[in-house]
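Engineer: Contents are compact mmCIF, C-alpha atoms and all ligand atoms; file name protein.txt:
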```txt
# COMPACT_ATOMS: atom_id res chain seq x y z
CA MET A 33 11.02 -9.50 -7.78
CA LYS A 34 10.90 -8.37 -4.14
CA LYS A 35 7.85 -9.07 -2.02
CA ILE A 36 7.27 -6.37 0.59
CA ALA A 37 4.71 -6.90 3.35
CA ILE A 38 3.04 -3.59 4.16
CA LEU A 39 1.70 -3.33 7.70
CA ALA A 40 0.35 0.20 7.72
CA GLY A 41 -1.30 -0.13 11.15
CA ASP A 42 -3.07 2.66 12.99
CA GLY A 43 -3.34 6.44 13.25
CA VAL A 44 -1.09 8.15 10.73
CA GLY A 45 0.53 4.78 9.86
CA PRO A 46 -1.48 4.28 6.66
CA GLU A 47 -0.81 7.86 5.45
CA VAL A 48 2.95 7.83 5.95
CA THR A 49 3.27 4.28 4.62
CA ALA A 50 1.39 5.26 1.46
CA GLU A 51 4.04 7.93 0.81
CA ALA A 52 6.86 5.44 1.40
CA VAL A 53 5.24 3.07 -1.10
CA LYS A 54 4.87 5.95 -3.56
CA VAL A 55 8.61 6.62 -3.28
CA LEU A 56 9.45 2.92 -3.66
CA GLN A 57 7.33 2.83 -6.82
CA ALA A 58 9.36 5.71 -8.19
CA VAL A 59 12.55 3.84 -7.31
CA ASP A 60 11.14 0.78 -9.06
CA LYS A 61 10.44 2.72 -12.25
CA LYS A 62 14.07 3.67 -12.41
CA HIS A 63 15.78 0.52 -11.14
CA ALA A 64 13.25 -2.16 -12.25
CA ILE A 65 13.44 -4.04 -8.96
CA GLY A 66 9.93 -5.47 -9.35
CA PHE A 67 8.38 -4.64 -5.99
CA VAL A 68 5.19 -6.46 -5.05
CA PHE A 69 3.40 -4.86 -2.10
CA GLU A 70 1.09 -7.04 -0.02
CA ARG A 71 -0.97 -5.50 2.76
CA GLU A 72 -1.83 -7.06 6.12
CA LEU A 73 -3.30 -5.90 9.42
CA ILE A 74 -1.53 -5.14 12.71
CA GLY A 75 -2.47 -3.22 15.85
CA ALA A 76 -5.84 -1.64 16.68
CA CYS A 77 -7.17 -2.06 13.13
CA ALA A 78 -6.39 -5.79 13.37
CA ILE A 79 -8.16 -6.01 16.74
CA ASP A 80 -11.23 -4.35 15.21
CA ALA A 81 -11.25 -6.70 12.22
CA THR A 82 -10.22 -9.99 13.85
CA GLY A 83 -9.97 -9.57 17.63
CA ASP A 84 -6.21 -10.20 17.40
CA PRO A 85 -3.52 -7.43 17.20
CA LEU A 86 -1.36 -9.79 15.14
CA PRO A 87 -3.45 -12.19 13.05
CA ALA A 88 -1.74 -15.41 11.89
CA ALA A 89 -2.11 -14.28 8.26
CA THR A 90 0.09 -11.26 9.01
CA VAL A 91 2.87 -13.35 10.52
CA GLU A 92 2.74 -15.78 7.63
CA ARG A 93 2.86 -13.02 5.03
CA CYS A 94 5.86 -11.38 6.75
CA GLN A 95 7.73 -14.68 6.97
CA ASN A 96 7.24 -15.18 3.24
CA SER A 97 8.32 -11.67 2.24
CA ASP A 98 11.71 -10.16 1.44
CA ALA A 99 11.11 -7.34 3.91
CA VAL A 100 8.39 -5.73 6.00
CA LEU A 101 7.47 -2.05 5.98
CA LEU A 102 5.47 -0.99 9.02
CA GLY A 103 3.61 2.27 9.73
CA ALA A 104 2.63 2.61 13.39
CA VAL A 105 0.43 0.89 15.95
CA GLY A 106 -1.61 2.26 18.83
CA HIS A 107 -4.94 3.83 19.64
CA PRO A 108 -5.83 6.03 22.64
CA ARG A 109 -8.95 4.00 23.34
CA PHE A 110 -6.66 1.24 24.67
CA ASP A 111 -4.17 3.57 26.42
CA ASN A 112 -6.85 4.81 28.76
CA ASP A 113 -8.19 1.39 29.62
CA PRO A 114 -5.99 -0.42 32.14
CA ALA A 115 -8.37 -3.39 32.04
CA ALA A 116 -7.94 -4.00 28.30
CA THR A 117 -6.73 -7.56 27.72
CA VAL A 118 -5.74 -7.06 24.10
CA ARG A 119 -3.67 -4.04 23.08
CA PRO A 120 -2.43 -2.83 19.69
CA GLU A 121 1.20 -2.72 20.96
CA GLN A 122 1.09 -6.48 21.53
CA GLY A 123 0.98 -6.82 17.76
CA LEU A 124 4.27 -4.97 17.43
CA LEU A 125 5.99 -6.87 20.24
CA LYS A 126 4.77 -10.20 18.83
CA ILE A 127 5.89 -9.53 15.27
CA ARG A 128 9.36 -8.57 16.57
CA LYS A 129 9.50 -11.86 18.47
CA ALA A 130 7.98 -13.94 15.66
CA LEU A 131 10.51 -12.65 13.12
CA GLY A 132 13.42 -12.89 15.60
CA LEU A 133 14.18 -9.16 15.22
CA TYR A 134 16.65 -8.84 18.05
CA ALA A 135 18.41 -5.66 16.90
CA ASN A 136 16.67 -2.35 16.35
CA ILE A 137 18.90 0.12 14.54
CA ARG A 138 18.00 3.78 14.93
CA PRO A 139 20.25 6.35 13.23
CA ILE A 140 20.14 9.82 14.78
CA LYS A 141 21.27 12.44 12.32
CA SER A 142 20.90 16.18 12.28
CA TYR A 143 19.93 17.82 9.00
CA LYS A 144 21.22 21.31 8.40
CA SER A 145 17.81 22.65 7.43
CA LEU A 146 16.42 21.40 10.76
CA HIS A 147 18.94 23.06 13.07
CA SER A 148 16.62 25.99 13.66
CA VAL A 149 13.79 23.74 14.90
CA SER A 150 16.00 21.77 17.28
CA PRO A 151 15.42 22.51 20.98
CA LEU A 152 19.23 22.56 21.34
CA LYS A 153 21.64 25.28 20.26
CA GLU A 154 22.83 24.90 16.69
CA SER A 155 26.43 24.49 17.90
CA LEU A 156 25.39 21.36 19.80
CA VAL A 157 23.33 19.66 17.10
CA ALA A 158 25.47 20.54 14.11
CA ASP A 159 27.67 17.42 14.20
CA VAL A 160 25.19 14.92 15.55
CA ASP A 161 25.41 11.63 13.70
CA PHE A 162 25.12 8.49 15.75
CA VAL A 163 23.29 5.21 15.64
CA VAL A 164 21.59 3.35 18.45
CA PHE A 165 21.58 -0.44 18.55
CA ARG A 166 18.65 -1.26 20.79
CA GLU A 167 18.08 -4.89 21.84
CA LEU A 168 14.51 -5.65 20.82
CA THR A 169 13.31 -9.10 21.88
CA GLY A 170 14.48 -9.43 25.48
CA GLY A 171 14.70 -7.65 28.81
CA ILE A 172 11.83 -6.29 30.84
CA TYR A 173 9.55 -6.09 27.77
CA PHE A 174 9.47 -9.86 27.41
CA GLY A 175 10.16 -11.13 30.95
CA GLU A 176 7.55 -12.74 33.12
CA LYS A 177 5.00 -10.21 34.29
CA GLY A 178 1.94 -10.34 36.45
CA ARG A 179 0.09 -9.45 39.59
CA ARG A 180 0.27 -11.08 42.99
CA ASN A 181 -1.13 -10.61 46.47
CA GLY A 182 -4.65 -10.42 45.14
CA GLY A 183 -3.61 -7.86 42.55
CA SER A 184 -2.13 -5.40 45.00
CA GLU A 185 1.42 -5.99 43.66
CA ALA A 186 2.76 -6.14 40.13
CA PHE A 187 6.06 -7.30 38.67
CA ASP A 188 7.96 -7.27 35.36
CA LEU A 189 11.06 -9.41 35.21
CA CYS A 190 14.15 -8.19 33.38
CA ALA A 191 16.30 -11.09 32.17
CA TYR A 192 19.07 -11.43 29.58
CA SER A 193 21.26 -14.32 28.45
CA VAL A 194 24.87 -14.03 27.30
CA GLU A 195 23.80 -15.18 23.86
CA GLU A 196 21.17 -12.44 23.56
CA VAL A 197 23.79 -9.83 24.41
CA GLU A 198 26.46 -11.31 22.15
CA ARG A 199 24.46 -11.40 18.94
CA ILE A 200 23.49 -7.71 19.03
CA ALA A 201 26.91 -6.66 20.36
CA LEU A 202 28.55 -8.24 17.31
CA LEU A 203 26.33 -6.17 15.01
CA ALA A 204 27.07 -2.99 16.96
CA PHE A 205 30.84 -3.54 16.93
CA ALA A 206 30.74 -4.24 13.18
CA ALA A 207 28.81 -1.01 12.66
CA ALA A 208 31.32 0.91 14.79
CA GLN A 209 34.16 -0.49 12.67
CA SER A 210 32.57 0.94 9.55
CA ARG A 211 31.92 4.31 11.26
CA HIS A 212 34.06 6.28 13.74
CA LYS A 213 35.14 3.23 15.77
CA HIS A 214 33.61 4.40 19.03
CA LEU A 215 31.06 2.26 20.84
CA THR A 216 29.27 3.28 24.03
CA LEU A 217 27.54 0.58 26.04
CA VAL A 218 24.69 2.17 28.00
CA ASP A 219 23.58 0.28 31.10
CA LYS A 220 22.89 0.59 34.83
CA ALA A 221 25.64 -1.70 36.04
CA ASN A 222 25.85 0.10 39.39
CA VAL A 223 22.42 -1.32 40.23
CA LEU A 224 21.25 -4.05 37.85
CA GLU A 225 22.59 -7.59 37.55
CA THR A 226 21.48 -7.80 33.91
CA SER A 227 23.59 -4.70 33.22
CA ARG A 228 26.62 -6.39 34.80
CA LEU A 229 26.07 -9.34 32.44
CA TRP A 230 25.94 -6.90 29.52
CA ARG A 231 29.21 -5.26 30.67
CA ASP A 232 31.05 -8.58 31.09
CA THR A 233 29.86 -9.91 27.77
CA VAL A 234 30.49 -6.75 25.78
CA SER A 235 33.95 -6.23 27.34
CA LYS A 236 34.96 -9.76 26.31
CA ILE A 237 33.72 -9.22 22.75
CA SER A 238 35.61 -5.94 22.54
CA ASN A 239 38.89 -7.94 22.65
CA ASN A 240 38.04 -9.10 19.12
CA PHE A 241 37.59 -5.50 17.97
CA PRO A 242 40.82 -3.79 19.10
CA ASP A 243 40.26 -0.94 16.64
CA VAL A 244 36.97 0.03 18.31
CA GLN A 245 37.10 2.16 21.43
CA LEU A 246 34.58 0.87 23.98
CA ASP A 247 33.25 2.96 26.81
CA CYS A 248 30.52 2.11 29.29
CA MET A 249 28.09 4.72 30.56
CA PHE A 250 25.24 4.59 33.05
CA VAL A 251 21.89 5.27 31.44
CA ASP A 252 21.10 8.32 33.57
CA ASN A 253 24.41 9.87 32.60
CA ALA A 254 23.83 8.96 28.94
CA ALA A 255 20.43 10.67 29.03
CA MET A 256 22.19 13.82 30.17
CA LYS A 257 25.06 13.52 27.70
CA ILE A 258 22.58 13.21 24.78
CA VAL A 259 21.43 16.77 25.43
CA GLN A 260 24.73 18.22 26.68
CA GLN A 261 27.12 16.82 24.10
CA PRO A 262 25.28 14.64 21.58
CA ALA A 263 28.15 14.74 19.10
CA PHE A 264 30.14 12.62 21.59
CA PHE A 265 28.32 9.48 20.41
CA ASP A 266 29.07 7.28 17.41
CA VAL A 267 27.41 3.92 18.17
CA ILE A 268 25.29 3.34 21.28
CA LEU A 269 24.56 -0.24 22.31
CA THR A 270 21.85 -0.80 24.88
CA GLU A 271 19.11 -3.06 26.18
CA ASN A 272 15.47 -2.91 25.18
CA MET A 273 13.84 -0.37 27.51
CA PHE A 274 16.83 1.97 27.83
CA GLY A 275 16.95 2.00 24.03
CA ASP A 276 13.26 2.82 23.79
CA ILE A 277 13.62 5.82 26.07
CA LEU A 278 16.94 7.13 24.78
CA THR A 279 15.88 6.99 21.13
CA ASP A 280 12.83 9.16 21.78
CA GLU A 281 15.07 11.61 23.60
CA ALA A 282 17.67 11.50 20.84
CA SER A 283 15.06 11.96 18.15
CA ALA A 284 13.81 15.16 19.76
CA ILE A 285 17.20 16.87 19.57
CA THR A 286 17.30 16.50 15.79
CA GLY A 287 14.27 18.79 15.57
CA SER A 288 11.53 16.35 14.62
CA ILE A 289 10.70 12.80 15.59
CA GLY A 290 9.00 12.70 12.19
CA MET A 291 12.45 12.36 10.59
CA LEU A 292 13.74 9.21 12.24
CA PRO A 293 13.70 5.82 10.53
CA SER A 294 14.59 2.43 11.95
CA ALA A 295 15.52 -1.05 10.87
CA SER A 296 14.90 -4.16 12.92
CA VAL A 297 17.04 -7.09 11.93
CA GLY A 298 17.62 -10.58 13.19
CA SER A 299 17.31 -14.06 11.91
CA LYS A 300 15.78 -13.67 8.46
CA VAL A 301 13.27 -11.09 7.28
CA ALA A 302 13.99 -7.52 8.38
CA LEU A 303 11.38 -4.92 9.30
CA PHE A 304 11.54 -1.18 8.69
CA GLU A 305 9.47 1.39 10.55
CA PRO A 306 9.52 5.04 11.60
CA VAL A 307 10.50 5.66 15.23
CA HIS A 308 7.40 7.82 15.77
CA GLY A 309 4.11 6.40 16.97
CA SER A 310 0.59 6.43 15.55
CA PHE A 311 -0.04 10.16 16.35
CA PRO A 312 -3.84 9.60 16.51
CA GLU A 313 -4.62 13.34 16.78
CA GLY A 314 -3.02 13.81 13.38
CA ALA A 315 -4.68 10.89 11.62
CA GLY A 316 -6.58 11.68 8.45
CA ARG A 317 -5.50 15.34 8.41
CA GLY A 318 -2.58 15.14 6.01
CA ILE A 319 -0.23 16.73 8.57
CA ALA A 320 2.01 13.79 9.49
CA ASN A 321 5.60 13.94 8.31
CA PRO A 322 6.16 10.96 5.96
CA MET A 323 9.95 11.40 5.92
CA ALA A 324 10.63 8.87 8.70
CA ALA A 325 8.62 6.27 6.79
CA ILE A 326 10.36 7.22 3.53
CA LEU A 327 13.80 7.05 5.19
CA SER A 328 12.82 3.66 6.62
CA ALA A 329 12.12 2.57 3.05
CA ALA A 330 15.62 3.84 2.17
CA MET A 331 17.09 1.67 4.92
CA MET A 332 15.14 -1.22 3.41
CA LEU A 333 16.62 -0.53 -0.03
CA GLU A 334 20.10 -0.56 1.46
CA HIS A 335 19.37 -3.83 3.28
CA LEU A 336 17.98 -5.47 0.14
CA GLY A 337 21.16 -4.61 -1.75
CA TYR A 338 20.24 -1.37 -3.54
CA PRO A 339 22.56 1.19 -1.90
CA GLU A 340 22.44 3.51 -4.90
CA ALA A 341 18.65 3.68 -4.79
CA ALA A 342 18.84 4.26 -1.03
CA GLN A 343 21.18 7.22 -1.63
CA GLU A 344 18.79 8.66 -4.21
CA VAL A 345 15.97 8.57 -1.66
CA LEU A 346 18.18 10.29 0.94
CA ALA A 347 19.18 12.95 -1.56
CA ALA A 348 15.53 13.59 -2.49
CA VAL A 349 14.58 13.93 1.19
CA GLU A 350 17.42 16.40 1.73
CA LEU A 351 16.32 18.38 -1.30
CA ALA A 352 12.77 18.53 0.05
CA LEU A 353 14.12 19.88 3.36
CA GLU A 354 16.32 22.43 1.62
CA LYS A 355 13.37 23.68 -0.42
CA GLY A 356 11.11 23.75 2.64
CA ILE A 357 8.78 21.07 1.25
CA ALA A 358 8.02 19.80 4.73
CA THR A 359 5.17 19.36 7.16
CA SER A 360 4.21 21.96 9.76
CA GLU A 361 6.52 20.90 12.62
CA ILE A 362 9.41 21.82 10.30
CA ASN A 363 7.91 24.49 8.04
CA LYS A 364 5.46 26.39 10.23
CA ASP A 365 4.80 29.25 7.84
CA ASN A 366 4.13 27.36 4.66
CA PRO A 367 3.66 23.69 5.44
CA ALA A 368 3.27 20.99 2.83
CA SER A 369 0.81 18.14 3.34
CA THR A 370 1.84 14.53 3.88
CA SER A 371 1.14 13.63 0.27
CA GLU A 372 2.79 16.77 -1.13
CA VAL A 373 6.00 15.81 0.65
CA GLY A 374 5.73 12.27 -0.75
CA ASP A 375 4.98 13.55 -4.27
CA PHE A 376 7.98 15.86 -4.23
CA ILE A 377 10.37 13.15 -3.04
CA ALA A 378 9.00 10.56 -5.48
CA SER A 379 9.20 12.91 -8.44
CA ASN A 380 12.78 13.83 -7.64
CA ILE A 381 13.86 10.22 -7.70
CA TYR A 382 12.40 9.52 -11.08
CA VAL A 383 13.89 12.49 -12.90
CA ARG A 384 17.43 12.13 -11.53
C1 LIG A 401 8.93 1.89 19.87
C2 LIG A 401 7.61 1.98 20.58
C3 LIG A 401 7.20 0.60 21.04
C4 LIG A 401 8.26 0.11 22.01
C5 LIG A 401 5.80 0.52 21.68
C6 LIG A 401 4.74 1.05 20.76
C7 LIG A 401 5.47 -0.87 22.14
O1 LIG A 401 7.67 2.89 21.62
O2 LIG A 401 9.02 1.15 18.87
O3 LIG A 401 9.86 2.56 20.29
O4 LIG A 401 8.24 0.47 23.19
O5 LIG A 401 9.13 -0.63 21.58
MG MG A 402 9.48 3.99 21.68
```
Can you dump the structure from the file as structure tokens?
Ligand code: IPM
Ligand code: MG
Structural biologist:
Amino acid sequence: MKKIAILAGDGVGPEVTAEAVKVLQAVDKKHAIGFVFERELIGACAIDATGDPLPAATVERCQNSDAVLLGAVGHPRFDNDPAATVRPEQGLLKIRKALGLYANIRPIKSYKSLHSVSPLKESLVADVDFVVFRELTGGIYFGEKGRRNGGSEAFDLCAYSVEEVERIALLAFAAAQSRHKHLTLVDKANVLETSRLWRDTVSKISNNFPDVQLDCMFVDNAAMKIVQQPAFFDVILTENMFGDILTDEASAITGSIGMLPSASVGSKVALFEPVHGSFPEGAGRGIANPMAAILSAAMMLEHLGYPEAAQEVLAAVELALEKGIATSEINKDNPASTSEVGDFIASNIYVR
């Protein structure tokens, strides 16, 4: 039996998560894993129901699960209110911290059937296949923040410890070893002290991985390289906010942010979520691409020790793309709905 906490969240979160669950149920029929799905609140829906973006019951459920599948959090009613004291995003940041999820793994892969919707030339996207290791529980996101001088000044502190850098660097080097043995540390060491700590620490660790080629790149240069020569990258290692920004940029070059899954790992229970946000304008309309959520479920299968099932999900997603069973950002002329995409993928797992 595997207990999966489902935190569907806000906006299109519930719709895309429902399709991921549908696909996992199909996997279960074939592989008899014995999934038990238990739903809890996070984000704006949790604020509405309890006043808290991350109720204690949610944390407890996640801690007692084998894995967590998350949809999305966020609601525009909070974005436009600078005075709001509780925000949906706090739920996401707190669950990452509570579960000790210090490494966010975001694979960036180009699918052949998506080359035509990429904003880049096909020749540039064709060989794109890299993975970003984004630090997730430190840096400016979690440093001291506040107002001073009667509110006329604000500050957000960016701090990192050697230990925080080491533990994610080890994961990134191990990943590079199993891939093309090329790791790029992205930082701003020409300006930031925290970046210099990252460089020192990562350079030392690289001595233990002589087969991995390490290069260091400033974040502004990396942002440019991602659009000029994305196939250059194999594994990118970076701190929290740089990783947030670069993964949105990287996702866009693949053609659709609706395709990108992620895994957040750390001390014990891992969490899987699409890179895209809550897309409130799309909520309830059946137009959101569920593939990122479904591919996140595939990453979860891999993590739980079912690599074959994970491959079957990937193959079914690729088949859907080949046949044009995709939402409107990919198939403009004859789009499928969110649930049609999920149905197709689920049915292709069961029959194989
Ligand atoms: C992400 C999101 C979150 C982040 C937001 C919603 C807090 O952009 O997961 O990339 O910045 O980490
Ligand atoms: Mg982001």
Engineer: Between A:Thr226, A:Tyr173, A:Ala324, A:Arg211, which one has atoms that come closest to A:Tyr192, using all atoms listed in the file?
Structural biologist: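 Checking each candidate against A:Tyr192, we get A:Thr226 as the closest.
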Engineer: Under the rule that only C-alpha atoms and all ligand atoms are counted, which of A:Ile140, A:Val307, A:Cys248, A:Leu146 is the nearest residue to ligand LIG 401 (chain A)?
Structural biologist: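 Once distances to ligand LIG 401 (chain A) are computed over only C-alpha atoms and all ligand atoms, the minimum belongs to A:Val307.
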Engineer: Using all atoms listed in the file, tabulate the residues of chain A lying at most 9 Å from any atom of ligand LIG 401 (chain A), each with its closest atom pair and that distance in Å to one decimal, by chain and increasing residue number, as JSON lines.
Structural biologist:
```
{"residue": "A:Ala104", "atom": "CA", "partner": "A:LIG401", "partner_atom": "C6", "distance": 7.8}
{"residue": "A:Val105", "atom": "CA", "partner": "A:LIG401", "partner_atom": "C6", "distance": 6.5}
{"residue": "A:Gly106", "atom": "CA", "partner": "A:LIG401", "partner_atom": "C6", "distance": 6.7}
{"residue": "A:Pro120", "atom": "CA", "partner": "A:LIG401", "partner_atom": "C6", "distance": 8.2}
{"residue": "A:Glu121", "atom": "CA", "partner": "A:LIG401", "partner_atom": "C7", "distance": 4.8}
{"residue": "A:Gln122", "atom": "CA", "partner": "A:LIG401", "partner_atom": "C7", "distance": 7.1}
{"residue": "A:Gly123", "atom": "CA", "partner": "A:LIG401", "partner_atom": "C7", "distance": 8.6}
{"residue": "A:Leu124", "atom": "CA", "partner": "A:LIG401", "partner_atom": "C7", "distance": 6.4}
{"residue": "A:Leu125", "atom": "CA", "partner": "A:LIG401", "partner_atom": "C7", "distance": 6.3}
{"residue": "A:Asn136", "atom": "CA", "partner": "A:LIG401", "partner_atom": "O2", "distance": 8.8}
{"residue": "A:Leu168", "atom": "CA", "partner": "A:LIG401", "partner_atom": "O5", "distance": 7.4}
{"residue": "A:Tyr173", "atom": "CA", "partner": "A:LIG401", "partner_atom": "O4", "distance": 8.1}
{"residue": "A:Asn272", "atom": "CA", "partner": "A:LIG401", "partner_atom": "O5", "distance": 7.6}
{"residue": "A:Met273", "atom": "CA", "partner": "A:LIG401", "partner_atom": "O4", "distance": 7.1}
{"residue": "A:Gly275", "atom": "CA", "partner": "A:LIG401", "partner_atom": "O3", "distance": 8.0}
{"residue": "A:Asp276", "atom": "CA", "partner": "A:LIG401", "partner_atom": "O3", "distance": 4.9}
{"residue": "A:Ile277", "atom": "CA", "partner": "A:LIG401", "partner_atom": "O3", "distance": 7.6}
{"residue": "A:Thr279", "atom": "CA", "partner": "A:LIG401", "partner_atom": "O3", "distance": 7.5}
{"residue": "A:Asp280", "atom": "CA", "partner": "A:LIG401", "partner_atom": "O3", "distance": 7.4}
{"residue": "A:Ser294", "atom": "CA", "partner": "A:LIG401", "partner_atom": "O2", "distance": 9.0}
{"residue": "A:Glu305", "atom": "CA", "partner": "A:LIG401", "partner_atom": "O2", "distance": 8.3}
{"residue": "A:Pro306", "atom": "CA", "partner": "A:LIG401", "partner_atom": "O2", "distance": 8.3}
{"residue": "A:Val307", "atom": "CA", "partner": "A:LIG401", "partner_atom": "O3", "distance": 6.0}
{"residue": "A:His308", "atom": "CA", "partner": "A:LIG401", "partner_atom": "O3", "distance": 7.4}
{"residue": "A:Gly309", "atom": "CA", "partner": "A:LIG401", "partner_atom": "C6", "distance": 6.6}
{"residue": "A:Ser310", "atom": "CA", "partner": "A:LIG401", "partner_atom": "C6", "distance": 8.6}
```
Engineer: With only C-alpha atoms as the counted atoms, please give the residues lying no more than 9 Å from stretch 201-207 of chain A, apart from itself and same-chain residues fewer than 4 positions off, as a ChimeraX atom specification.
Structural biologist: /A:135,163-165,196-197,211,213-215,233-234,237-238,241,244,267-270
Engineer: Give me, please, the distance in Å between atom CA of A:Arg71 and atom CA of A:Ala40, quoted to one decimal.
Structural biologist: 7.7 Å
Engineer: In Å to one decimal, how far is atom CA of A:Phe304 from atom CA of A:Ser328?
Structural biologist: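 Separating atom CA of A:Ser328 from atom CA of A:Phe304 is a distance of 5.4 Å.
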Engineer: Have a look at atom CA of A:Asp243 and atom CA of A:Leu217 and let me know their distance in Å, one decimal.
Structural biologist: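 Atom-to-atom, atom CA of A:Asp243 and atom CA of A:Leu217 are spaced 15.9 Å apart.
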Engineer: From the set A:Met332, A:Ile289, A:Ile362, A:Ala130, which residue has the shortest atom-to-atom contact distance to ligand MG 402 (chain A), counting all atoms listed in the file?
Structural biologist: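 Between A:Met332, A:Ile289, A:Ile362, A:Ala130, the residue approaching ligand MG 402 (chain A) most closely is A:Ile289.
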Engineer: Excluding stretch 48-51 of chain A and residues on its chain fewer than 6 positions from it, collect all residues at most 8 Å away from it, counting all atoms listed in the file, and give them as a list in words.
Structural biologist: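 In the requested form, the answer reads Ile38, Ala40, Leu101, Leu102, Gly103, Ala320, Asn321, Pro322, Met323, Ala325, Ile326, Thr370, Ser371, Gly374 and Asp375 of chain A.
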Engineer: Could you check which of A:Ala191, A:Leu39, A:Leu278, A:Ala158 is closest to ligand MG 402 (chain A), using only C-alpha atoms and all ligand atoms?
Structural biologist: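 Closest to ligand MG 402 (chain A) of all the choices is A:Leu278.
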Engineer: Mind checking which residues fall within 6 Å of A:Ala358, counting only C-alpha atoms, ignoring those fewer than 3 positions away in the same chain, and posting them as a list of chain:residue names?
Structural biologist: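 Skipping anything fewer than 3 positions along the chain leaves A:Asn363, A:Pro367, A:Ala368.
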Engineer: Do a neighbour search on A:Lys220 at 6 Å with all atoms listed in the file, toss out local chain neighbours closer than 3 positions, and write the hits as a PyMOL selection string.
Structural biologist: chain A and resi 223-224+227+250-251
